[in-house]
Every structure is written in structure tokens, then in C-alpha cells.
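A.B. asks: For reference, the structure I am asking about is given below.
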Amino acid sequence: MTKETDYLAAAARTVEMQAVDNPGIGIPADPDVADFMGAFPGDEDPADILEAQLEVEPDGI
């Protein structure tokens, strides 16, 4: 892991702990940390993501 990845992982753990301790409030996070946590959509096609999650066979079976 790089130093940046280590930082993002540590910050994400901190945000997660704060959210678990205070479930009724929003926890502000740096946009880079939020992105690391998966808060923003990627460039993938939503249909491709859904298909991968459902593990649909190409012939629909």
C-alpha cells in the first residue's frame, strides 16, 4: 500500500467509527476519503454493474 492509500484507509475507518457511534447524524468527510469509501459512482455502465451483481448467464438462465 502507498502512503496515500494508508491515509485514506485510516480516514475511512475513522469516518466509519464516527458513523457507528452516532448513527443519526451525517459525518463530514474529505471528498477523497468519501470517494475511497465508494460514495461516488464510477464510470461503469449501471446495467453492467447490475448484471455482474446478479451473476446473470448470457442466455438469461
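Labels used: A, B, ... for chains in the order of the C-alpha cells, numbers from 1 for residues in each chain, and numbers from 1 for ligands as shown.
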Using only C-alpha atoms, which residues sit within 12 Å of Ala29 in chain A once same-chain residues fewer than 4 positions away are excluded, as a PyMOL selection string?

C.D. replies: chain A and resi 8+11-16+18-19+33-37+39

A.B. asks: Among the residues of chain A, find those DSSP assigns to alpha helix (DSSP H) from the backbone and print them as a ChimeraX atom specification.

C.D. replies: /A:3-21,31-36,46-54

A.B. asks: Write a file of the just-selected residues containing C-alpha atoms, as a PDB file, in the first residue's frame.

C.D. replies:
```pdb
ATOM      1  CA  LYS A   3       1.152   6.259   1.945  1.00  0.00           C
ATOM      2  CA  GLU A   4      -1.901   7.830   0.295  1.00  0.00           C
ATOM      3  CA  THR A   5      -3.814   4.545   0.406  1.00  0.00           C
ATOM      4  CA  ASP A   6      -2.815   4.058   4.045  1.00  0.00           C
ATOM      5  CA  TYR A   7      -4.059   7.580   4.850  1.00  0.00           C
ATOM      6  CA  LEU A   8      -7.353   7.037   3.013  1.00  0.00           C
ATOM      7  CA  ALA A   9      -7.928   3.676   4.709  1.00  0.00           C
ATOM      8  CA  ALA A  10      -7.241   5.151   8.160  1.00  0.00           C
ATOM      9  CA  ALA A  11      -9.500   8.138   7.489  1.00  0.00           C
ATOM     10  CA  ALA A  12     -12.243   5.819   6.199  1.00  0.00           C
ATOM     11  CA  ARG A  13     -12.025   3.741   9.391  1.00  0.00           C
ATOM     12  CA  THR A  14     -12.359   6.926  11.445  1.00  0.00           C
ATOM     13  CA  VAL A  15     -15.421   8.045   9.493  1.00  0.00           C
ATOM     14  CA  GLU A  16     -16.943   4.578   9.858  1.00  0.00           C
ATOM     15  CA  MET A  17     -16.359   4.549  13.634  1.00  0.00           C
ATOM     16  CA  GLN A  18     -17.935   8.000  13.967  1.00  0.00           C
ATOM     17  CA  ALA A  19     -20.942   6.883  11.925  1.00  0.00           C
ATOM     18  CA  VAL A  20     -21.395   3.759  14.043  1.00  0.00           C
ATOM     19  CA  ASP A  21     -21.126   5.766  17.268  1.00  0.00           C
ATOM     20  CA  PRO A  31     -14.102  14.159  -0.851  1.00  0.00           C
ATOM     21  CA  ASP A  32     -11.060  11.936  -1.439  1.00  0.00           C
ATOM     22  CA  VAL A  33     -11.971   9.846   1.611  1.00  0.00           C
ATOM     23  CA  ALA A  34     -15.618   9.652   0.529  1.00  0.00           C
ATOM     24  CA  ASP A  35     -14.523   8.553  -2.947  1.00  0.00           C
ATOM     25  CA  PHE A  36     -12.250   5.904  -1.402  1.00  0.00           C
ATOM     26  CA  PRO A  46     -25.077   0.704 -14.347  1.00  0.00           C
ATOM     27  CA  ALA A  47     -26.513  -2.182 -16.388  1.00  0.00           C
ATOM     28  CA  ASP A  48     -23.110  -3.904 -16.386  1.00  0.00           C
ATOM     29  CA  ILE A  49     -22.825  -3.461 -12.628  1.00  0.00           C
ATOM     30  CA  LEU A  50     -26.310  -4.894 -12.047  1.00  0.00           C
ATOM     31  CA  GLU A  51     -25.634  -7.830 -14.329  1.00  0.00           C
ATOM     32  CA  ALA A  52     -22.381  -8.608 -12.520  1.00  0.00           C
ATOM     33  CA  GLN A  53     -24.117  -8.436  -9.129  1.00  0.00           C
ATOM     34  CA  LEU A  54     -26.910 -10.736 -10.262  1.00  0.00           C
TER      35      LEU A  54
END
```
